[in-house]
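> Below is the structure I would like to discuss, written out as structure tokens.
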Amino acid sequence: MEHKQKTGRRNKGGRPKKGAADKLKYRLTVKMATSDYYTLKGKARSAGISAGEFLRRCMREGQVKERLTPEHTGYVRKLCGMANNLNQLAHKANAAGFVTVRMKCRILVARIEELLNLILL
């Protein structure tokens, strides 16, 4: 009791006030298709939280992968071409025997490994 008289404040009860970082003071409007809206509502309901809280958690904990760079897109395109060449070599190997295309296959596999290393780095 003596402490209350010294500070001059009374404890009114209730929950403590939120700090500036915890207050939800910004509003964001998002347009979405009907199917996306109902998907969001369903996932939020199954999680037992509001749609807004679901989106906030997705933003904090979720992950969106960045697009491929033009350099990586080129690597993927080259890789697709090499896969086509490898398929043609496999067809030739079935027709004429593996010995005739063995060296070409080894060279192509080495080039594919190089490209995969470039993509993964």
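To be explicit about the labels: the chains of the structure tokens are called A, B, and onward in the order shown, and within each one the residues are counted from 1, while ligands get numbers from 1 in the order they are shown.
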Would you kindly return, as a ChimeraX atom specification, each protein, DNA or RNA residue with an atom no farther than 9 Å from any atom of Ile112 of chain A, considering only C-alpha atoms and excluding same-chain residues fewer than 3 positions away?
/A:78-79,82-83,107-109,115-117
> Please save N, CA and C atoms of the selected residues as a PDB file, in the first residue's frame.

```pdb
ATOM      1  N   LYS A  78      20.221 -25.574 -71.106  1.00  0.00           N
ATOM      2  CA  LYS A  78      21.303 -26.431 -71.619  1.00  0.00           C
ATOM      3  C   LYS A  78      21.140 -27.858 -71.112  1.00  0.00           C
ATOM      4  N   LEU A  79      20.735 -27.980 -69.852  1.00  0.00           N
ATOM      5  CA  LEU A  79      20.544 -29.299 -69.261  1.00  0.00           C
ATOM      6  C   LEU A  79      19.437 -30.068 -69.984  1.00  0.00           C
ATOM      7  N   MET A  82      20.875 -31.331 -73.210  1.00  0.00           N
ATOM      8  CA  MET A  82      21.755 -32.485 -72.979  1.00  0.00           C
ATOM      9  C   MET A  82      20.941 -33.730 -72.662  1.00  0.00           C
ATOM     10  N   ALA A  83      19.845 -33.566 -71.949  1.00  0.00           N
ATOM     11  CA  ALA A  83      18.978 -34.715 -71.668  1.00  0.00           C
ATOM     12  C   ALA A  83      18.416 -35.271 -72.966  1.00  0.00           C
ATOM     13  N   ILE A 107      31.259 -38.318 -72.161  1.00  0.00           N
ATOM     14  CA  ILE A 107      31.474 -36.874 -72.315  1.00  0.00           C
ATOM     15  C   ILE A 107      30.212 -36.117 -71.899  1.00  0.00           C
ATOM     16  N   LEU A 108      29.073 -36.593 -72.354  1.00  0.00           N
ATOM     17  CA  LEU A 108      27.808 -35.924 -72.033  1.00  0.00           C
ATOM     18  C   LEU A 108      27.506 -35.981 -70.541  1.00  0.00           C
ATOM     19  N   VAL A 109      27.768 -37.088 -69.892  1.00  0.00           N
ATOM     20  CA  VAL A 109      27.549 -37.207 -68.449  1.00  0.00           C
ATOM     21  C   VAL A 109      28.462 -36.241 -67.696  1.00  0.00           C
ATOM     22  N   LEU A 115      27.252 -28.840 -65.292  1.00  0.00           N
ATOM     23  CA  LEU A 115      26.098 -27.935 -65.239  1.00  0.00           C
ATOM     24  C   LEU A 115      25.353 -28.040 -63.924  1.00  0.00           C
ATOM     25  N   LEU A 116      25.181 -29.252 -63.410  1.00  0.00           N
ATOM     26  CA  LEU A 116      24.515 -29.420 -62.131  1.00  0.00           C
ATOM     27  C   LEU A 116      25.295 -28.747 -61.007  1.00  0.00           C
ATOM     28  N   ASN A 117      26.602 -28.826 -61.052  1.00  0.00           N
ATOM     29  CA  ASN A 117      27.421 -28.152 -60.051  1.00  0.00           C
ATOM     30  C   ASN A 117      27.254 -26.636 -60.148  1.00  0.00           C
TER      31      ASN A 117
END
```
> Just the alpha helix (DSSP H) stuff from segment 36-80 of chain A, please, per backbone DSSP, written as JSON, numbers by chain.
{"A": [36, 37, 38, 39, 40, 41, 42, 43, 44, 45, 46, 47, 51, 52, 53, 54, 55, 56, 57, 58, 59, 60, 61, 70, 71, 72, 73, 74, 75, 76, 77, 78, 79, 80]}
> Choose the residue, out of A:Tyr75, A:Asn11, A:Gln63, A:Asn94, that has the smallest atom-to-atom separation from Glu113 of chain A; count only C-alpha atoms.
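With only C-alpha atoms as the atom set, the closest residue is A:Tyr75.
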> Please measure the separation of atom CA of Lys43 of chain A and atom CA of Ala21 of chain A, giving the value in Å to one decimal.
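Atom CA of Ala21 of chain A lies 26.6 Å from atom CA of Lys43 of chain A.
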